[in-house]
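Read the structure below first, then the notes.
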Amino acid sequence: MDKLEAMQRFVLVAQFGSFTKAADALGLPKSSISSAVQGLEKSLGTRLFHRSTRSITLTQDGETYLPQCQTLLAELDAVGSQFRRNPDDVRGVLRVDMPSRFATTVVIPHLADFIENYPNIRLKISSADYRVDPIKEGIDCVIRVGELEDSSLIARPLTQYRSLNCVSPNYAEKFGIPQTLAELSNHKLIEYSHTLGNLDAQFEYMEDGKVKQESMPSNLAVNGTDAYLDACLSGLGIAQIPTIGVENLIEEGLLIMVLPQYEAEPMPVSLLYPSRQQPPKRLIVFMDWLQSIMIKSHKG
């Protein structure tokens with residue numbers, strides 16, 4: 001068997017964590033996947049998986065070999081795809097991770113247009129609101145809202161979102177609306193944090209071009225964008241929410257803006273992908289399409 005084909009099968013097994021699921025994805029018998037991986041292990045002189053009756057996991061050598069395989073296969077795919085000019089020739093699976101609110105308010109409503117233009121691209125979108133490792137999990141690109149952590153990923157800036165301070169009408173009726181920063185001590189802040197740590201809740205705002213924070217009482221912290229918005233709609237406190245997806249709620253009277261003179265620092269929106277000399281064509285066209293709809297949404 002061709003070594004590159006064996007590497008492709010190894011990568012699929014690693015991503016699915018199952019020989020059976022990898023076989024199903026390729027429409028092949030499980031034995032052919034197992035034989036391919038065994039042949040690869042024999043040629044490398046090392047085991048790539050720990051096998052048991054219940055599960056398979058990568059060995060230390062397998063964890064080292066996986067990202068190398070993914071990079072090599074992606075570069076080979078890119079060499080061929082860079083010459084494809086017809087949208088019908090741009091094909092393959094594209095795995096994208098993004099925040100759930102971004103998926104439902106920005107990407108999904110426009111996705112029919114992308115699929116119509118690139119019918120041979122099969123999109124797989126994850127939006128679990130936790131920080132995935134793109135290389136380890138086989139993700140082609142991730143969309144992040146907020147400041148980026150240091151990483152080996154290539155970042156492509158898309159836009160910036162204002163953050164609006166919001167409460168629900170029932171919260172305003174019960175607790176009133178703060179008019180000054182000093183009044184925040186009498187209100188509750190809904191915390192949003194990926195780590196759900198033990199730090200005090202902080203209301204962030206810009207003043208004289210600098211980011212400042214005001215400590216606030218809080219009864220609730222969440223790490224998901226949908227939960228954050230729902231908590232605010234349910235009257236559980238003040239939330240600082242990116243404009244996308246909440247402007248219509250404000251217009252409909254479902255949310256009320258508070259302290260508009262104390263907005264948080266604008267939140268950058270970025271697309272990140274693993275470092276490669278030439279990304280595959282399907283990733284390039286997706287990035288360009290996403291950039292275009294972000295520009296249109298701001299003009300609108």
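Please note that chains go A, B, ... in the order of the structure tokens, that every chain numbers its residues from 1, and that ligands are numbered from 1 in the order shown.
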
Find the nearest atom pair between each residue of range 118-196 of chain A and range 98-103 of chain A for residues within 12 Å, count only C-alpha atoms, give distances in Å to one decimal, sort rows by chain and ascending number, and present the table as a Markdown table.
```
| residue | atom | partner | partner_atom | distance |
| --- | --- | --- | --- | --- |
| A:Lys124 | CA | A:Met98 | CA | 11.0 |
| A:Ile125 | CA | A:Met98 | CA | 7.5 |
| A:Ser126 | CA | A:Met98 | CA | 6.4 |
| A:Ser127 | CA | A:Ser100 | CA | 4.7 |
| A:Ala128 | CA | A:Ser100 | CA | 6.5 |
| A:Asp129 | CA | A:Pro99 | CA | 5.2 |
| A:Tyr130 | CA | A:Pro99 | CA | 8.2 |
| A:Arg131 | CA | A:Met98 | CA | 9.3 |
| A:Val132 | CA | A:Met98 | CA | 9.6 |
| A:Pro134 | CA | A:Met98 | CA | 11.4 |
| A:Ile139 | CA | A:Met98 | CA | 10.7 |
| A:Asp140 | CA | A:Met98 | CA | 11.5 |
| A:Cys141 | CA | A:Met98 | CA | 8.8 |
| A:Val142 | CA | A:Met98 | CA | 5.8 |
| A:Ile143 | CA | A:Met98 | CA | 4.8 |
| A:Arg144 | CA | A:Met98 | CA | 6.5 |
| A:Val145 | CA | A:Pro99 | CA | 7.8 |
| A:Gly146 | CA | A:Pro99 | CA | 11.0 |
| A:Tyr161 | CA | A:Phe102 | CA | 11.5 |
| A:His194 | CA | A:Pro99 | CA | 11.5 |
```

**Report entry** For range 166-178 of chain A: contacts at 9 Å, only C-alpha atoms, fewer than 6 positions along chain excluded, given as number ranges by chain
**Finding:** A: 184, 186-187, 232-241, 250, 253-259

Just write the chosen residues, all heavy atoms, as a compact mmCIF listing (two decimals), in the first residue's frame.
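After the write, result25.txt holds the following:
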```txt
# COMPACT_ATOMS: atom_id res chain seq x y z
N LEU A 184 -22.51 50.46 40.30
CA LEU A 184 -22.34 49.05 39.93
C LEU A 184 -22.23 48.14 41.16
O LEU A 184 -22.50 46.95 41.09
CB LEU A 184 -21.09 48.87 39.05
CG LEU A 184 -21.20 49.41 37.62
CD1 LEU A 184 -19.87 49.23 36.89
CD2 LEU A 184 -22.32 48.70 36.85
N ASN A 186 -24.12 48.02 43.49
CA ASN A 186 -25.47 47.59 43.87
C ASN A 186 -26.10 46.67 42.83
O ASN A 186 -27.30 46.38 42.90
CB ASN A 186 -26.38 48.82 44.06
CG ASN A 186 -25.87 49.73 45.16
OD1 ASN A 186 -25.43 49.26 46.20
ND2 ASN A 186 -25.91 51.04 44.91
N HIS A 187 -25.29 46.21 41.87
CA HIS A 187 -25.80 45.37 40.79
C HIS A 187 -25.00 44.08 40.70
O HIS A 187 -23.98 43.90 41.38
CB HIS A 187 -25.77 46.12 39.46
CG HIS A 187 -26.77 47.22 39.38
ND1 HIS A 187 -28.02 47.04 38.85
CD2 HIS A 187 -26.70 48.52 39.78
CE1 HIS A 187 -28.70 48.19 38.92
NE2 HIS A 187 -27.92 49.11 39.49
N CYS A 232 -28.35 36.64 30.58
CA CYS A 232 -28.73 38.06 30.56
C CYS A 232 -30.21 38.21 30.23
O CYS A 232 -30.92 38.98 30.89
CB CYS A 232 -27.87 38.80 29.53
SG CYS A 232 -28.08 40.60 29.55
N LEU A 233 -30.70 37.48 29.24
CA LEU A 233 -32.12 37.54 28.89
C LEU A 233 -33.01 37.10 30.04
O LEU A 233 -34.15 37.54 30.16
CB LEU A 233 -32.38 36.66 27.66
CG LEU A 233 -31.84 37.18 26.32
CD1 LEU A 233 -31.91 36.08 25.26
CD2 LEU A 233 -32.62 38.41 25.85
N SER A 234 -32.47 36.23 30.91
CA SER A 234 -33.23 35.72 32.05
C SER A 234 -33.18 36.64 33.26
O SER A 234 -33.72 36.31 34.32
CB SER A 234 -32.72 34.32 32.44
OG SER A 234 -32.89 33.41 31.37
N GLY A 235 -32.50 37.79 33.13
CA GLY A 235 -32.48 38.77 34.21
C GLY A 235 -31.52 38.47 35.33
O GLY A 235 -31.73 38.89 36.47
N LEU A 236 -30.42 37.73 35.02
CA LEU A 236 -29.49 37.33 36.07
C LEU A 236 -28.35 38.32 36.30
O LEU A 236 -27.51 38.08 37.16
CB LEU A 236 -28.92 35.94 35.74
CG LEU A 236 -29.97 34.83 35.63
CD1 LEU A 236 -29.32 33.51 35.26
CD2 LEU A 236 -30.75 34.71 36.93
N GLY A 237 -28.32 39.41 35.53
CA GLY A 237 -27.28 40.40 35.76
C GLY A 237 -26.93 41.17 34.51
O GLY A 237 -27.58 41.04 33.46
N ILE A 238 -25.87 41.97 34.65
CA ILE A 238 -25.35 42.75 33.53
C ILE A 238 -24.37 41.88 32.74
O ILE A 238 -23.54 41.18 33.31
CB ILE A 238 -24.62 44.01 34.04
CG1 ILE A 238 -25.58 44.92 34.81
CG2 ILE A 238 -23.98 44.79 32.88
CD1 ILE A 238 -24.91 46.09 35.50
N ALA A 239 -24.48 41.92 31.42
CA ALA A 239 -23.55 41.20 30.55
C ALA A 239 -22.94 42.17 29.55
O ALA A 239 -23.59 43.13 29.12
CB ALA A 239 -24.27 40.07 29.81
N GLN A 240 -21.68 41.94 29.21
CA GLN A 240 -20.98 42.76 28.23
C GLN A 240 -20.83 41.90 26.97
O GLN A 240 -19.95 41.06 26.88
CB GLN A 240 -19.63 43.21 28.78
CG GLN A 240 -19.78 44.08 30.03
CD GLN A 240 -18.46 44.64 30.52
OE1 GLN A 240 -17.67 43.95 31.15
NE2 GLN A 240 -18.23 45.92 30.23
N ILE A 241 -21.72 42.14 26.00
CA ILE A 241 -21.90 41.23 24.88
C ILE A 241 -21.49 41.89 23.57
O ILE A 241 -21.84 43.05 23.31
CB ILE A 241 -23.38 40.79 24.78
CG1 ILE A 241 -23.91 40.35 26.15
CG2 ILE A 241 -23.54 39.66 23.76
CD1 ILE A 241 -25.38 40.04 26.16
N ILE A 250 -31.92 44.32 21.19
CA ILE A 250 -32.10 45.66 21.77
C ILE A 250 -33.23 46.39 21.03
O ILE A 250 -34.09 47.02 21.65
CB ILE A 250 -30.78 46.45 21.71
CG1 ILE A 250 -29.74 45.80 22.64
CG2 ILE A 250 -31.01 47.91 22.09
CD1 ILE A 250 -28.35 46.39 22.52
N GLY A 253 -36.52 45.29 22.11
CA GLY A 253 -36.85 45.56 23.51
C GLY A 253 -36.61 44.39 24.44
O GLY A 253 -37.01 44.42 25.60
N LEU A 254 -35.93 43.36 23.95
CA LEU A 254 -35.65 42.19 24.79
C LEU A 254 -34.42 42.41 25.67
O LEU A 254 -34.22 41.71 26.66
CB LEU A 254 -35.45 40.95 23.91
CG LEU A 254 -36.68 40.54 23.09
CD1 LEU A 254 -36.34 39.38 22.17
CD2 LEU A 254 -37.83 40.18 24.02
N LEU A 255 -33.58 43.37 25.28
CA LEU A 255 -32.42 43.78 26.08
C LEU A 255 -32.37 45.30 26.13
O LEU A 255 -32.84 45.98 25.21
CB LEU A 255 -31.12 43.23 25.50
CG LEU A 255 -30.85 41.73 25.63
CD1 LEU A 255 -29.56 41.37 24.92
CD2 LEU A 255 -30.80 41.30 27.09
N ILE A 256 -31.77 45.82 27.18
CA ILE A 256 -31.62 47.26 27.36
C ILE A 256 -30.14 47.58 27.53
O ILE A 256 -29.45 46.93 28.33
CB ILE A 256 -32.39 47.74 28.61
CG1 ILE A 256 -33.88 47.42 28.48
CG2 ILE A 256 -32.16 49.23 28.84
CD1 ILE A 256 -34.66 47.65 29.77
N MET A 257 -29.66 48.58 26.79
CA MET A 257 -28.27 49.03 26.95
C MET A 257 -28.15 49.86 28.22
O MET A 257 -29.02 50.68 28.51
CB MET A 257 -27.81 49.86 25.75
CG MET A 257 -27.42 49.06 24.54
SD MET A 257 -26.78 50.15 23.23
CE MET A 257 -25.36 50.88 24.05
N VAL A 258 -27.05 49.64 28.97
CA VAL A 258 -26.78 50.45 30.15
C VAL A 258 -25.35 50.99 30.07
O VAL A 258 -24.49 50.39 29.42
CB VAL A 258 -26.97 49.64 31.45
CG1 VAL A 258 -28.40 49.12 31.54
CG2 VAL A 258 -25.98 48.48 31.54
N LEU A 259 -25.12 52.11 30.70
CA LEU A 259 -23.80 52.74 30.74
C LEU A 259 -23.12 52.74 29.37
O LEU A 259 -21.99 52.25 29.22
CB LEU A 259 -22.91 52.04 31.78
CG LEU A 259 -23.37 52.11 33.23
CD1 LEU A 259 -22.45 51.26 34.12
CD2 LEU A 259 -23.39 53.55 33.72
```

Query - Those in range 44-280 of chain A with alpha helix (DSSP H) from DSSP, as number ranges by chain - result: A: 44, 60-81, 100-102, 111-117, 134-137, 169-175, 225-233, 247-251

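Considering the residues A:Glu247, A:Ala201, A:Val211, A:Val107 and counting only C-alpha atoms, Trp289 in chain A has its shortest atom-to-atom contact with A:Val107.
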
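Coordinates place CA of Ser152 in chain A at a distance of 29.2 Å from CA of Thr243 in chain A.
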
Hey, what's within 8 Å of Ser218 in chain A if we count only C-alpha atoms and toss same-chain stuff fewer than 3 positions away? As a PDB file with C-alpha atoms, in the first residue's frame, please?
```pdb
ATOM      1  CA  LYS A 188     -24.809  41.874  39.650  1.00  0.00           C
ATOM      2  CA  LEU A 189     -22.398  41.036  36.831  1.00  0.00           C
ATOM      3  CA  ILE A 190     -22.656  37.834  34.810  1.00  0.00           C
ATOM      4  CA  GLU A 191     -19.076  36.622  34.373  1.00  0.00           C
ATOM      5  CA  ALA A 201     -15.903  39.630  38.772  1.00  0.00           C
ATOM      6  CA  ALA A 221     -20.059  32.637  35.812  1.00  0.00           C
ATOM      7  CA  GLY A 237     -27.281  40.401  35.763  1.00  0.00           C
TER       8      GLY A 237
END
```

**Report entry** Expected answer as number ranges by chain: strand (DSSP E) residues in range 150-293 of chain A
**Finding:** A: 154-161, 163-167, 190-192, 202-207, 210-215, 220-222, 239-242, 256-257, 267-273

Would you save the residues of that selection, restricted to C-alpha atoms, as a short mmCIF file (atom, residue, chain, number, x, y, z; two decimals), in the first residue's frame?
```cif
data_model
loop_
_atom_site.label_atom_id
_atom_site.label_comp_id
_atom_site.auth_asym_id
_atom_site.auth_seq_id
_atom_site.Cartn_x
_atom_site.Cartn_y
_atom_site.Cartn_z
CA ILE A 154 -1.21 31.82 11.81
CA ALA A 155 -3.77 34.56 12.61
CA ARG A 156 -5.84 36.41 10.03
CA PRO A 157 -7.72 39.40 11.50
CA LEU A 158 -11.35 39.60 10.34
CA THR A 159 -12.92 42.53 12.18
CA GLN A 160 -13.61 44.05 15.62
CA TYR A 161 -16.86 44.04 17.56
CA SER A 163 -19.18 45.19 23.36
CA LEU A 164 -22.49 46.49 24.68
CA ASN A 165 -23.48 46.52 28.36
CA CYS A 166 -26.90 44.91 28.56
CA VAL A 167 -29.61 43.92 31.01
CA ILE A 190 -22.66 37.83 34.81
CA GLU A 191 -19.08 36.62 34.37
CA TYR A 192 -17.84 35.13 31.12
CA GLN A 202 -14.72 42.68 36.83
CA PHE A 203 -16.72 45.16 34.77
CA GLU A 204 -14.36 46.26 32.00
CA TYR A 205 -14.51 49.68 30.35
CA MET A 206 -12.42 52.10 28.30
CA GLU A 207 -11.46 55.52 29.63
CA LYS A 210 -7.03 52.79 28.51
CA VAL A 211 -8.68 49.58 29.67
CA LYS A 212 -9.95 49.81 33.23
CA GLN A 213 -11.91 47.48 35.50
CA GLU A 214 -14.45 47.90 38.26
CA SER A 215 -15.05 45.05 40.74
CA LEU A 220 -22.98 33.45 38.11
CA ALA A 221 -20.06 32.64 35.81
CA VAL A 222 -20.42 30.81 32.48
CA ALA A 239 -23.55 41.20 30.55
CA GLN A 240 -20.98 42.76 28.23
CA ILE A 241 -21.90 41.23 24.88
CA PRO A 242 -20.42 41.72 21.38
CA ILE A 256 -31.62 47.26 27.36
CA MET A 257 -28.27 49.03 26.95
CA MET A 267 -13.15 42.56 20.72
CA PRO A 268 -11.03 41.41 17.76
CA VAL A 269 -12.34 38.57 15.62
CA SER A 270 -9.61 36.41 14.12
CA LEU A 271 -9.31 33.27 12.02
CA LEU A 272 -6.40 31.01 12.95
CA TYR A 273 -4.95 28.06 11.08
#
```

Restrict the calculation to only C-alpha atoms, then for each residue of range 101-198 of chain A with any atom at most 10 Å from an atom of range 2-18 of chain A give the closest atom pair and their distance in Å to one decimal, rows by chain and rising residue number, as JSON lines.
```
{"residue": "A:Lys136", "atom": "CA", "partner": "A:Gln15", "partner_atom": "CA", "distance": 8.1}
{"residue": "A:Glu137", "atom": "CA", "partner": "A:Gln15", "partner_atom": "CA", "distance": 6.2}
{"residue": "A:Gly138", "atom": "CA", "partner": "A:Gln15", "partner_atom": "CA", "distance": 6.5}
{"residue": "A:Ile139", "atom": "CA", "partner": "A:Gln15", "partner_atom": "CA", "distance": 9.7}
```

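Nearest residue to Gln261 in chain A among A:Leu181, A:Leu44, A:Ala23, A:Ala36 is A:Leu181, counting only C-alpha atoms.
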
Query raised in the report: With only C-alpha atoms as the atoms that count, which of A:Gly39, A:Pro260, A:Pro29, A:Pro266 lies nearest to Glu147 in chain A?
Result: A:Pro266

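Going from CA of Val93 in chain A over to CA of Thr57 in chain A, you cover 23.4 Å.
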
Requested in this report: Show which residues sit within 12 Å of His50 in chain A, as an NGL selection string. Count only C-alpha atoms, and ignore same-chain residues fewer than 2 positions away.
Outcome: :A and (14 or 17-18 or 41 or 46-48 or 52-63)
